[in-house]
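Here is the structure we will look at.
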Amino acid sequence: MKAILAILLSLIPFPLAAQDPVFLAMFMNLENFFDYRDSGGGDSDTEFSSGGERHWTRKRFRLKCSSFAKTVLWTASEQGRLPDVIAVAEIENSFVLGNILSSTLLRKTDYRYVHYDSPDPRGIDCALFYRSSRVKLLFSRACRVEAEGLRTRDILLAQLLSAEGDSIALMVNHLPSKYGGAEDWRREVAAGRLRFISDSLAQEGWGNRLALGDFNDSPDSPLFEVLEPSLIYCHKSGKQRGSIRFNGQWELIDLCFVSPELAPRSDFEVLVPPFLMTADATHSGEKPLRTYSGPRWIGGLSDHLPIIVRVY
């Protein structure tokens, strides 16, 4: 029986850890990464400014930029090279993205970025960094998630050509919060929009499709049934159970879904850079060191951990 089981397991097309990935994609929700200027963009813009309620100063802003750069470089040391692309959520604008690249050690890299302003009422968007020496950006656009009474983040679509000559369509997501009871319809609209985008790409011949981001729900949620078979849940590796910790419990909401063509040769993992963690004073164990706890500045990077997606 054990021999038969071993044979069956060997037939499952999971990627081998010994292989070198041909494409590395990182994602991280950066927890309210606003610039420190009050430019009249709304209540959140005022709140996250030097004179606002959060006292979001230039010094604190630069510290967060450096912490993110440190996370990227730590990831590179763990994975053997820099990620080809880095998708992010909860970024206010291009000023933030530009400072991440110009004021940190990432200035020595060849990352460029893609960003579009979305109708999100808080003014936070998705964005993408890509290495110009490893990835050619063929096309990008912001895909609006529309419904009556809904203003939320766009889905960022980037069509890429890798250094190995593979075409990859990348979709960066930040679905509406799962905490809202009757408001869950908003996430259903966003998931349906993602399925439509993926189907459209498939019809255009884009077999390699990868959707990653903060989906604000666990991978076993019925919400994601709408994505199938166009996108299926990517095989998860590694020991870390979740990407956020809520009331002492880990939850996995930062996820990756891939096209059937990519599924046999891809996996993703939640990364745990030790400098992003702190002791959980209320519950046992550790949790991500966030930037703010309510209005109080803590000084960490985010309440989310990053994930890395590997395509072999």
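Ordering of the structure tokens sets the chain letters (A, B, ...), residue numbers begin anew at 1 in every chain, and ligands are numbered from 1 in the order given.
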Contacts of A:Ala127 within 9 Å, only C-alpha atoms, excl. fewer than 2 positions in-chain, as JSON, numbers by chain: {"A": [86, 87, 88, 89, 90, 91, 93, 94, 97, 113, 114, 115, 116, 125, 129, 156, 172]}
Could those selected residues go to a file with N, CA and C atoms, as an mmCIF file, in the first residue's frame?
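Written output follows (part-v9.cif):
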```cif
data_model
loop_
_atom_site.group_PDB
_atom_site.id
_atom_site.type_symbol
_atom_site.label_atom_id
_atom_site.label_comp_id
_atom_site.auth_asym_id
_atom_site.auth_seq_id
_atom_site.Cartn_x
_atom_site.Cartn_y
_atom_site.Cartn_z
ATOM 1 N N ILE A 86 7.041 42.812 -8.142
ATOM 2 C CA ILE A 86 6.557 42.962 -6.767
ATOM 3 C C ILE A 86 5.232 43.706 -6.838
ATOM 4 N N ALA A 87 4.158 43.010 -6.521
ATOM 5 C CA ALA A 87 2.839 43.631 -6.487
ATOM 6 C C ALA A 87 2.563 44.117 -5.069
ATOM 7 N N VAL A 88 1.918 45.256 -4.949
ATOM 8 C CA VAL A 88 1.634 45.824 -3.635
ATOM 9 C C VAL A 88 0.199 46.339 -3.595
ATOM 10 N N ALA A 89 -0.344 46.390 -2.390
ATOM 11 C CA ALA A 89 -1.666 46.961 -2.154
ATOM 12 C C ALA A 89 -1.569 48.019 -1.064
ATOM 13 N N GLU A 90 -2.559 48.877 -1.012
ATOM 14 C CA GLU A 90 -2.660 49.977 -0.038
ATOM 15 C C GLU A 90 -1.536 50.997 -0.194
ATOM 16 N N ILE A 91 -1.278 51.346 -1.449
ATOM 17 C CA ILE A 91 -0.347 52.419 -1.806
ATOM 18 C C ILE A 91 -1.172 53.642 -2.208
ATOM 19 N N ASN A 93 -0.099 56.616 -3.871
ATOM 20 C CA ASN A 93 0.157 57.283 -5.152
ATOM 21 C C ASN A 93 1.578 57.024 -5.650
ATOM 22 N N SER A 94 1.890 57.632 -6.792
ATOM 23 C CA SER A 94 3.204 57.456 -7.405
ATOM 24 C C SER A 94 4.320 58.082 -6.584
ATOM 25 N N LEU A 97 5.602 55.308 -4.427
ATOM 26 C CA LEU A 97 6.348 54.327 -5.215
ATOM 27 C C LEU A 97 7.708 54.878 -5.630
ATOM 28 N N TYR A 113 7.940 51.033 -12.022
ATOM 29 C CA TYR A 113 6.629 50.754 -11.433
ATOM 30 C C TYR A 113 5.476 51.147 -12.355
ATOM 31 N N VAL A 114 4.326 50.519 -12.077
ATOM 32 C CA VAL A 114 3.073 50.809 -12.773
ATOM 33 C C VAL A 114 2.031 51.132 -11.711
ATOM 34 N N HIS A 115 1.304 52.221 -11.912
ATOM 35 C CA HIS A 115 0.279 52.613 -10.937
ATOM 36 C C HIS A 115 -0.796 53.448 -11.624
ATOM 37 N N TYR A 116 -2.043 53.208 -11.227
ATOM 38 C CA TYR A 116 -3.173 54.026 -11.669
ATOM 39 C C TYR A 116 -4.003 54.401 -10.441
ATOM 40 N N ASP A 125 -4.476 52.204 -3.521
ATOM 41 C CA ASP A 125 -4.510 51.493 -4.790
ATOM 42 C C ASP A 125 -3.586 50.281 -4.780
ATOM 43 N N PHE A 129 5.799 46.809 -9.146
ATOM 44 C CA PHE A 129 7.194 47.028 -9.509
ATOM 45 C C PHE A 129 7.628 45.888 -10.428
ATOM 46 N N LEU A 156 -5.393 45.696 -11.157
ATOM 47 C CA LEU A 156 -4.307 46.144 -12.029
ATOM 48 C C LEU A 156 -3.888 44.990 -12.931
ATOM 49 N N VAL A 172 -3.326 42.113 -10.297
ATOM 50 C CA VAL A 172 -3.090 42.470 -8.897
ATOM 51 C C VAL A 172 -4.418 42.896 -8.270
#
```
Taking only stretch 25-249 of chain A into account, list the residues labelled strand (DSSP E or B) by DSSP (computed from the backbone), as a short mmCIF file (atom, residue, chain, number, x, y, z; two decimals) with N, CA and C atoms, in the first residue's frame.
```
data_model
loop_
_atom_site.label_atom_id
_atom_site.label_comp_id
_atom_site.auth_asym_id
_atom_site.auth_seq_id
_atom_site.Cartn_x
_atom_site.Cartn_y
_atom_site.Cartn_z
N ALA A 25 7.32 36.21 -8.39
CA ALA A 25 6.41 37.32 -8.14
C ALA A 25 6.16 37.43 -6.65
N MET A 26 6.36 38.60 -6.11
CA MET A 26 6.13 38.87 -4.69
C MET A 26 4.89 39.75 -4.55
N PHE A 27 4.16 39.56 -3.46
CA PHE A 27 3.04 40.46 -3.16
C PHE A 27 3.06 40.81 -1.69
N MET A 28 2.68 42.08 -1.40
CA MET A 28 2.54 42.49 0.00
C MET A 28 1.54 43.63 0.11
N ASN A 29 0.63 43.50 1.08
CA ASN A 29 -0.24 44.60 1.47
C ASN A 29 0.55 45.49 2.43
N LEU A 30 0.71 46.75 2.09
CA LEU A 30 1.61 47.63 2.83
C LEU A 30 0.90 48.54 3.83
N GLU A 31 -0.29 48.18 4.23
CA GLU A 31 -1.01 48.83 5.35
C GLU A 31 -0.96 50.36 5.31
N ASN A 32 -1.87 50.93 4.55
CA ASN A 32 -2.04 52.39 4.58
C ASN A 32 -0.75 53.15 4.29
N PHE A 33 -0.11 52.82 3.17
CA PHE A 33 1.14 53.50 2.83
C PHE A 33 0.82 54.80 2.09
N VAL A 85 8.86 40.61 -10.31
CA VAL A 85 7.82 41.63 -10.10
C VAL A 85 7.46 41.65 -8.62
N ILE A 86 7.04 42.81 -8.14
CA ILE A 86 6.56 42.96 -6.77
C ILE A 86 5.23 43.71 -6.84
N ALA A 87 4.16 43.01 -6.52
CA ALA A 87 2.84 43.63 -6.49
C ALA A 87 2.56 44.12 -5.07
N VAL A 88 1.92 45.26 -4.95
CA VAL A 88 1.63 45.82 -3.64
C VAL A 88 0.20 46.34 -3.59
N ALA A 89 -0.34 46.39 -2.39
CA ALA A 89 -1.67 46.96 -2.15
C ALA A 89 -1.57 48.02 -1.06
N GLU A 90 -2.56 48.88 -1.01
CA GLU A 90 -2.66 49.98 -0.04
C GLU A 90 -1.54 51.00 -0.19
N ILE A 91 -1.28 51.35 -1.45
CA ILE A 91 -0.35 52.42 -1.81
C ILE A 91 -1.17 53.64 -2.21
N TYR A 111 14.31 48.29 -10.84
CA TYR A 111 12.85 48.26 -10.75
C TYR A 111 12.23 49.53 -11.31
N ARG A 112 11.13 49.35 -12.01
CA ARG A 112 10.26 50.44 -12.42
C ARG A 112 8.86 50.12 -11.88
N TYR A 113 7.94 51.03 -12.02
CA TYR A 113 6.63 50.75 -11.43
C TYR A 113 5.48 51.15 -12.35
N VAL A 114 4.33 50.52 -12.08
CA VAL A 114 3.07 50.81 -12.77
C VAL A 114 2.03 51.13 -11.71
N HIS A 115 1.30 52.22 -11.91
CA HIS A 115 0.28 52.61 -10.94
C HIS A 115 -0.80 53.45 -11.62
N ASP A 125 -4.48 52.20 -3.52
CA ASP A 125 -4.51 51.49 -4.79
C ASP A 125 -3.59 50.28 -4.78
N CYS A 126 -3.67 49.52 -5.87
CA CYS A 126 -2.69 48.47 -6.16
C CYS A 126 -1.63 49.04 -7.10
N ALA A 127 -0.45 48.46 -7.06
CA ALA A 127 0.63 48.90 -7.93
C ALA A 127 1.56 47.72 -8.19
N LEU A 128 2.49 47.92 -9.11
CA LEU A 128 3.41 46.85 -9.49
C LEU A 128 4.79 47.41 -9.78
N PHE A 129 5.80 46.81 -9.15
CA PHE A 129 7.19 47.03 -9.51
C PHE A 129 7.63 45.89 -10.43
N TYR A 130 8.44 46.19 -11.43
CA TYR A 130 8.97 45.14 -12.30
C TYR A 130 10.42 45.46 -12.64
N ARG A 131 11.23 44.41 -12.77
CA ARG A 131 12.64 44.56 -13.11
C ARG A 131 12.78 44.69 -14.62
N VAL A 135 12.00 41.65 -17.10
CA VAL A 135 10.61 41.66 -17.54
C VAL A 135 10.38 42.84 -18.47
N LYS A 136 9.71 42.59 -19.57
CA LYS A 136 9.29 43.66 -20.47
C LYS A 136 7.79 43.88 -20.27
N LEU A 137 7.42 45.11 -19.98
CA LEU A 137 6.01 45.45 -19.82
C LEU A 137 5.41 45.72 -21.20
N LEU A 138 4.51 44.85 -21.62
CA LEU A 138 3.89 44.99 -22.93
C LEU A 138 2.66 45.90 -22.89
N PHE A 139 1.90 45.79 -21.80
CA PHE A 139 0.65 46.54 -21.70
C PHE A 139 0.20 46.55 -20.25
N SER A 140 -0.46 47.62 -19.85
CA SER A 140 -1.04 47.65 -18.51
C SER A 140 -2.28 48.54 -18.52
N ARG A 141 -3.19 48.24 -17.62
CA ARG A 141 -4.35 49.11 -17.44
C ARG A 141 -5.02 48.80 -16.11
N ALA A 142 -5.80 49.75 -15.64
CA ALA A 142 -6.60 49.57 -14.44
C ALA A 142 -7.98 49.08 -14.85
N CYS A 143 -8.39 47.94 -14.32
CA CYS A 143 -9.69 47.35 -14.64
C CYS A 143 -10.68 47.71 -13.53
N ALA A 147 -20.20 48.55 -9.76
CA ALA A 147 -21.56 48.17 -9.38
C ALA A 147 -22.17 49.37 -8.67
N LEU A 150 -20.81 50.96 -5.27
CA LEU A 150 -19.50 50.36 -5.01
C LEU A 150 -18.39 51.26 -5.54
N ILE A 155 -8.60 46.44 -10.32
CA ILE A 155 -7.70 45.30 -10.54
C ILE A 155 -6.64 45.78 -11.54
N LEU A 156 -5.39 45.70 -11.16
CA LEU A 156 -4.31 46.14 -12.03
C LEU A 156 -3.89 44.99 -12.93
N LEU A 157 -4.00 45.19 -14.23
CA LEU A 157 -3.60 44.18 -15.21
C LEU A 157 -2.28 44.60 -15.85
N ALA A 158 -1.32 43.69 -15.85
CA ALA A 158 -0.04 43.93 -16.52
C ALA A 158 0.28 42.71 -17.38
N GLN A 159 0.50 42.94 -18.67
CA GLN A 159 0.87 41.87 -19.58
C GLN A 159 2.38 41.97 -19.82
N LEU A 160 3.07 40.87 -19.51
CA LEU A 160 4.52 40.88 -19.42
C LEU A 160 5.16 39.86 -20.34
N LEU A 161 6.40 40.12 -20.69
CA LEU A 161 7.24 39.15 -21.39
C LEU A 161 8.47 38.92 -20.53
N SER A 162 8.67 37.68 -20.09
CA SER A 162 9.78 37.38 -19.19
C SER A 162 11.09 37.26 -19.96
N SER A 167 5.20 34.70 -22.05
CA SER A 167 4.20 35.75 -21.87
C SER A 167 3.37 35.44 -20.63
N ILE A 168 3.23 36.40 -19.75
CA ILE A 168 2.48 36.21 -18.50
C ILE A 168 1.56 37.40 -18.29
N ALA A 169 0.30 37.11 -18.03
CA ALA A 169 -0.67 38.15 -17.68
C ALA A 169 -0.85 38.15 -16.17
N LEU A 170 -0.54 39.27 -15.55
CA LEU A 170 -0.56 39.38 -14.10
C LEU A 170 -1.71 40.29 -13.69
N MET A 171 -2.50 39.84 -12.70
CA MET A 171 -3.63 40.62 -12.20
C MET A 171 -3.44 40.84 -10.70
N VAL A 172 -3.33 42.11 -10.30
CA VAL A 172 -3.09 42.47 -8.90
C VAL A 172 -4.42 42.90 -8.27
N ASN A 173 -4.75 42.26 -7.13
CA ASN A 173 -6.07 42.43 -6.54
C ASN A 173 -6.00 42.90 -5.09
N HIS A 174 -7.00 43.65 -4.69
CA HIS A 174 -7.25 43.95 -3.28
C HIS A 174 -8.76 44.03 -3.12
N ARG A 209 -1.67 32.88 -16.88
CA ARG A 209 -2.37 33.94 -16.15
C ARG A 209 -2.17 33.74 -14.66
N LEU A 210 -1.88 34.83 -13.98
CA LEU A 210 -1.56 34.76 -12.55
C LEU A 210 -2.26 35.92 -11.84
N ALA A 211 -3.10 35.58 -10.88
CA ALA A 211 -3.81 36.60 -10.08
C ALA A 211 -3.34 36.48 -8.64
N LEU A 212 -2.85 37.56 -8.08
CA LEU A 212 -2.37 37.53 -6.71
C LEU A 212 -2.81 38.79 -6.00
N GLY A 213 -2.79 38.75 -4.67
CA GLY A 213 -3.17 39.93 -3.92
C GLY A 213 -3.81 39.61 -2.59
N ASP A 214 -4.41 40.63 -2.00
CA ASP A 214 -5.15 40.50 -0.76
C ASP A 214 -6.61 40.26 -1.13
N ILE A 232 -7.42 28.77 -10.86
CA ILE A 232 -7.53 27.82 -9.76
C ILE A 232 -6.49 28.17 -8.70
N TYR A 233 -6.78 27.75 -7.48
CA TYR A 233 -5.91 28.08 -6.35
C TYR A 233 -4.53 27.48 -6.54
N LYS A 236 0.10 25.77 -2.37
CA LYS A 236 0.82 26.47 -1.32
C LYS A 236 1.88 25.57 -0.72
N SER A 237 3.07 26.10 -0.53
CA SER A 237 4.15 25.37 0.12
C SER A 237 4.57 26.12 1.38
N ILE A 244 -1.96 37.01 7.93
CA ILE A 244 -2.30 38.00 8.95
C ILE A 244 -2.67 37.24 10.22
N ARG A 245 -2.63 37.96 11.35
CA ARG A 245 -3.04 37.34 12.63
C ARG A 245 -4.11 38.21 13.25
N PHE A 246 -5.27 37.60 13.51
CA PHE A 246 -6.42 38.33 14.04
C PHE A 246 -6.93 37.61 15.28
N GLN A 249 -5.29 34.29 15.99
CA GLN A 249 -5.43 33.22 15.00
C GLN A 249 -4.87 33.68 13.65
#
```
DSSP alpha helix (DSSP H) residues within stretch 115-223 of chain A, as a ChimeraX atom specification: /A:185-203
For stretch 40-153 of chain A against stretch 289-305 of chain A, with a cut-off of 7 Å and counting only C-alpha atoms, what is the closest atom pair and its distance in Å to one decimal for every residue that makes the cut, ordered by chain and number, as a tab-separated table?
```
residue	atom	partner	partner_atom	distance
A:Arg54	CA	A:Pro295	CA	5.7
A:Lys64	CA	A:Leu301	CA	5.8
A:Ser67	CA	A:Leu301	CA	6.2
A:Phe68	CA	A:Leu301	CA	6.8
```
Atom CA of A:Cys256 to atom CA of A:Val96, distance in Å rounded to a single decimal: 24.7 Å
Contact residues around stretch 260-274 of chain A with only C-alpha atoms at 7 Å, ignoring same-chain residues under 6 positions, as a PyMOL selection string: chain A and resi 13-15+71+207-208+231-232+234-238+240+243+305-312
Pull N, CA and C atoms from the residues just selected and write them as a JSON list (two decimals), in the first residue's frame.
```json
[["chain", "number", "residue", "atom", "x", "y", "z"],
["A", 13, "PRO", "N", 1.57, 16.73, -10.15],
["A", 13, "PRO", "CA", 2.50, 17.65, -10.80],
["A", 13, "PRO", "C", 2.83, 18.89, -9.99],
["A", 14, "PHE", "N", 3.28, 18.71, -8.74],
["A", 14, "PHE", "CA", 3.73, 19.85, -7.96],
["A", 14, "PHE", "C", 5.16, 20.17, -8.34],
["A", 15, "PRO", "N", 5.54, 21.44, -8.34],
["A", 15, "PRO", "CA", 6.92, 21.80, -8.68],
["A", 15, "PRO", "C", 7.91, 21.29, -7.65],
["A", 71, "THR", "N", 12.80, 44.24, 3.26],
["A", 71, "THR", "CA", 12.01, 43.03, 3.06],
["A", 71, "THR", "C", 12.25, 42.45, 1.67],
["A", 207, "GLY", "N", -2.29, 32.15, -22.17],
["A", 207, "GLY", "CA", -2.44, 30.92, -21.39],
["A", 207, "GLY", "C", -1.86, 31.04, -19.99],
["A", 208, "ASN", "N", -0.78, 31.81, -19.85],
["A", 208, "ASN", "CA", -0.15, 31.98, -18.54],
["A", 208, "ASN", "C", -0.77, 33.18, -17.82],
["A", 231, "LEU", "N", -9.33, 30.28, -13.38],
["A", 231, "LEU", "CA", -8.25, 30.43, -12.41],
["A", 231, "LEU", "C", -8.48, 29.45, -11.28],
["A", 232, "ILE", "N", -7.42, 28.77, -10.86],
["A", 232, "ILE", "CA", -7.53, 27.82, -9.76],
["A", 232, "ILE", "C", -6.49, 28.17, -8.70],
["A", 234, "CYS", "N", -3.52, 28.31, -6.40],
["A", 234, "CYS", "CA", -2.14, 27.88, -6.58],
["A", 234, "CYS", "C", -1.70, 27.01, -5.41],
["A", 235, "HIS", "N", -0.92, 25.99, -5.70],
["A", 235, "HIS", "CA", -0.40, 25.11, -4.66],
["A", 235, "HIS", "C", 0.43, 25.90, -3.65],
["A", 236, "LYS", "N", 0.10, 25.77, -2.37],
["A", 236, "LYS", "CA", 0.82, 26.47, -1.32],
["A", 236, "LYS", "C", 1.88, 25.57, -0.72],
["A", 237, "SER", "N", 3.07, 26.10, -0.53],
["A", 237, "SER", "CA", 4.15, 25.37, 0.12],
["A", 237, "SER", "C", 4.57, 26.12, 1.38],
["A", 238, "GLY", "N", 5.51, 25.55, 2.11],
["A", 238, "GLY", "CA", 6.01, 26.21, 3.31],
["A", 238, "GLY", "C", 5.17, 25.91, 4.54],
["A", 240, "GLN", "N", 4.39, 28.25, 7.10],
["A", 240, "GLN", "CA", 3.60, 29.35, 7.65],
["A", 240, "GLN", "C", 2.13, 29.23, 7.23],
["A", 243, "SER", "N", -1.20, 34.76, 6.59],
["A", 243, "SER", "CA", -0.51, 36.00, 6.23],
["A", 243, "SER", "C", -0.88, 37.16, 7.14],
["A", 305, "LEU", "N", 1.92, 39.72, 6.14],
["A", 305, "LEU", "CA", 3.20, 39.16, 5.70],
["A", 305, "LEU", "C", 3.21, 39.07, 4.18],
["A", 306, "PRO", "N", 4.38, 39.12, 3.57],
["A", 306, "PRO", "CA", 4.46, 39.00, 2.11],
["A", 306, "PRO", "C", 4.31, 37.55, 1.66],
["A", 307, "ILE", "N", 3.95, 37.37, 0.40],
["A", 307, "ILE", "CA", 3.96, 36.04, -0.21],
["A", 307, "ILE", "C", 4.88, 36.09, -1.43],
["A", 308, "ILE", "N", 5.41, 34.93, -1.79],
["A", 308, "ILE", "CA", 6.23, 34.79, -2.98],
["A", 308, "ILE", "C", 5.62, 33.71, -3.86],
["A", 309, "VAL", "N", 5.48, 34.00, -5.13],
["A", 309, "VAL", "CA", 4.94, 33.05, -6.11],
["A", 309, "VAL", "C", 6.09, 32.63, -7.02],
["A", 310, "ARG", "N", 6.23, 31.33, -7.20],
["A", 310, "ARG", "CA", 7.31, 30.80, -8.04],
["A", 310, "ARG", "C", 6.70, 30.04, -9.23],
["A", 311, "VAL", "N", 7.16, 30.38, -10.42],
["A", 311, "VAL", "CA", 6.77, 29.64, -11.63],
["A", 311, "VAL", "C", 8.01, 28.94, -12.14],
["A", 312, "TYR", "N", 7.90, 27.62, -12.35],
["A", 312, "TYR", "CA", 9.05, 26.80, -12.72],
["A", 312, "TYR", "C", 9.04, 26.45, -14.20]]
```
Shell around stretch 119-121 of chain A at 6 Å using only C-alpha atoms, local window under 3 positions removed, as a list in words: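 Final neighbour list, sorted by chain and number: Arg151, Thr152 and Arg153 of chain A.
Residues in contact with A:Arg58 at up to 9 Å, not including ones fewer than 2 positions away on its chain and judged by only C-alpha atoms, are Asp35, Tyr36, Arg37, Ser49, Ser50, Trp56, Arg60, Phe61, Arg62 and Leu63 of chain A.
Minimum atom-to-atom distance to A:Gly165, evaluated using only C-alpha atoms, belongs to A:Arg134 out of A:Arg134, A:Thr46, A:Leu24, A:Thr57.
Of the residues listed (A:Gly80, A:Gly52, A:Gly192, A:Gly123), A:Gly192 shows the shortest atom-to-atom separation from A:Val145; distances use only C-alpha atoms.
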Nearest candidate to A:Arg144 (options A:Ser198, A:Asn216, A:Gln19, A:Ser118; using only C-alpha atoms): A:Ser118
d(atom CA of A:Ser132, atom CA of A:Gln79) in Å: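 Rounded to one decimal, the two atoms are 18.8 Å apart.
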12 Å contact set for stretch 184-186 of chain A, only C-alpha atoms, chain neighbours under 2 positions out, as a ChimeraX atom specification: /A:145-153,174-182,188-193,215-217,221-223
Any chance you could export the current selection's N, CA and C atoms as an mmCIF file, in the first residue's frame?
```cif
data_model
loop_
_atom_site.group_PDB
_atom_site.id
_atom_site.type_symbol
_atom_site.label_atom_id
_atom_site.label_comp_id
_atom_site.auth_asym_id
_atom_site.auth_seq_id
_atom_site.Cartn_x
_atom_site.Cartn_y
_atom_site.Cartn_z
ATOM 1 N N VAL A 145 -13.763 47.905 -11.090
ATOM 2 C CA VAL A 145 -14.738 46.997 -10.478
ATOM 3 C C VAL A 145 -15.981 47.828 -10.201
ATOM 4 N N GLU A 146 -17.019 47.623 -11.011
ATOM 5 C CA GLU A 146 -18.155 48.532 -10.996
ATOM 6 C C GLU A 146 -19.447 47.852 -10.576
ATOM 7 N N ALA A 147 -20.199 48.547 -9.760
ATOM 8 C CA ALA A 147 -21.560 48.173 -9.378
ATOM 9 C C ALA A 147 -22.167 49.375 -8.671
ATOM 10 N N GLU A 148 -23.475 49.449 -8.665
ATOM 11 C CA GLU A 148 -24.137 50.572 -8.007
ATOM 12 C C GLU A 148 -23.798 50.584 -6.518
ATOM 13 N N GLY A 149 -23.339 51.714 -6.039
ATOM 14 C CA GLY A 149 -22.983 51.848 -4.634
ATOM 15 C C GLY A 149 -21.617 51.298 -4.271
ATOM 16 N N LEU A 150 -20.813 50.955 -5.272
ATOM 17 C CA LEU A 150 -19.498 50.363 -5.006
ATOM 18 C C LEU A 150 -18.390 51.255 -5.542
ATOM 19 N N ARG A 151 -17.500 51.657 -4.655
ATOM 20 C CA ARG A 151 -16.271 52.360 -5.022
ATOM 21 C C ARG A 151 -15.124 51.618 -4.348
ATOM 22 N N THR A 152 -14.316 50.966 -5.127
ATOM 23 C CA THR A 152 -13.261 50.142 -4.545
ATOM 24 C C THR A 152 -12.027 50.169 -5.428
ATOM 25 N N ARG A 153 -11.020 49.408 -5.025
ATOM 26 C CA ARG A 153 -9.770 49.377 -5.768
ATOM 27 C C ARG A 153 -9.961 48.719 -7.140
ATOM 28 N N HIS A 174 -7.004 43.653 -4.690
ATOM 29 C CA HIS A 174 -7.252 43.954 -3.282
ATOM 30 C C HIS A 174 -8.763 44.031 -3.119
ATOM 31 N N LEU A 175 -9.369 42.894 -2.799
ATOM 32 C CA LEU A 175 -10.820 42.815 -2.705
ATOM 33 C C LEU A 175 -11.335 43.568 -1.482
ATOM 34 N N PRO A 176 -12.587 44.042 -1.530
ATOM 35 C CA PRO A 176 -13.178 44.709 -0.361
ATOM 36 C C PRO A 176 -13.123 43.823 0.875
ATOM 37 N N SER A 177 -13.151 44.453 2.032
ATOM 38 C CA SER A 177 -13.001 43.742 3.302
ATOM 39 C C SER A 177 -14.076 42.693 3.496
ATOM 40 N N LYS A 178 -13.694 41.581 4.136
ATOM 41 C CA LYS A 178 -14.665 40.532 4.445
ATOM 42 C C LYS A 178 -15.456 40.848 5.701
ATOM 43 N N TYR A 179 -15.065 41.890 6.410
ATOM 44 C CA TYR A 179 -15.786 42.265 7.618
ATOM 45 C C TYR A 179 -16.858 43.277 7.241
ATOM 46 N N GLY A 180 -18.097 42.803 7.123
ATOM 47 C CA GLY A 180 -19.149 43.720 6.709
ATOM 48 C C GLY A 180 -20.497 43.067 6.561
ATOM 49 N N GLY A 181 -20.591 41.758 6.840
ATOM 50 C CA GLY A 181 -21.884 41.094 6.795
ATOM 51 C C GLY A 181 -22.531 41.211 5.436
ATOM 52 N N ALA A 182 -23.575 42.022 5.347
ATOM 53 C CA ALA A 182 -24.321 42.169 4.103
ATOM 54 C C ALA A 182 -23.487 42.801 2.994
ATOM 55 N N GLU A 188 -17.995 39.671 -4.044
ATOM 56 C CA GLU A 188 -18.516 38.830 -5.122
ATOM 57 C C GLU A 188 -18.434 39.559 -6.462
ATOM 58 N N VAL A 189 -18.732 40.846 -6.451
ATOM 59 C CA VAL A 189 -18.609 41.641 -7.676
ATOM 60 C C VAL A 189 -17.154 41.675 -8.140
ATOM 61 N N ALA A 190 -16.224 41.892 -7.206
ATOM 62 C CA ALA A 190 -14.803 41.965 -7.556
ATOM 63 C C ALA A 190 -14.290 40.627 -8.082
ATOM 64 N N ALA A 191 -14.711 39.525 -7.451
ATOM 65 C CA ALA A 191 -14.289 38.201 -7.915
ATOM 66 C C ALA A 191 -14.855 37.905 -9.300
ATOM 67 N N GLY A 192 -16.099 38.308 -9.535
ATOM 68 C CA GLY A 192 -16.687 38.121 -10.856
ATOM 69 C C GLY A 192 -15.964 38.919 -11.920
ATOM 70 N N ARG A 193 -15.531 40.111 -11.556
ATOM 71 C CA ARG A 193 -14.772 40.940 -12.492
ATOM 72 C C ARG A 193 -13.429 40.297 -12.822
ATOM 73 N N PHE A 215 -7.057 39.007 -0.965
ATOM 74 C CA PHE A 215 -8.417 38.630 -1.359
ATOM 75 C C PHE A 215 -9.406 38.710 -0.199
ATOM 76 N N ASN A 216 -8.920 39.049 0.968
ATOM 77 C CA ASN A 216 -9.778 39.254 2.137
ATOM 78 C C ASN A 216 -10.705 38.078 2.418
ATOM 79 N N ASP A 217 -10.242 36.881 2.120
ATOM 80 C CA ASP A 217 -10.984 35.662 2.449
ATOM 81 C C ASP A 217 -10.035 34.482 2.345
ATOM 82 N N SER A 221 -13.012 29.506 0.726
ATOM 83 C CA SER A 221 -14.274 30.240 0.677
ATOM 84 C C SER A 221 -15.041 29.930 -0.610
ATOM 85 N N PRO A 222 -16.361 29.778 -0.524
ATOM 86 C CA PRO A 222 -17.175 29.592 -1.738
ATOM 87 C C PRO A 222 -17.057 30.759 -2.711
ATOM 88 N N LEU A 223 -16.585 31.901 -2.217
ATOM 89 C CA LEU A 223 -16.426 33.077 -3.067
ATOM 90 C C LEU A 223 -15.612 32.762 -4.310
#
```
Separation of atom CA of A:Asp199 from atom CA of A:Ile253, in Å and rounded to one decimal: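 Atom CA of A:Ile253 lies at a distance of 23.1 Å from atom CA of A:Asp199.
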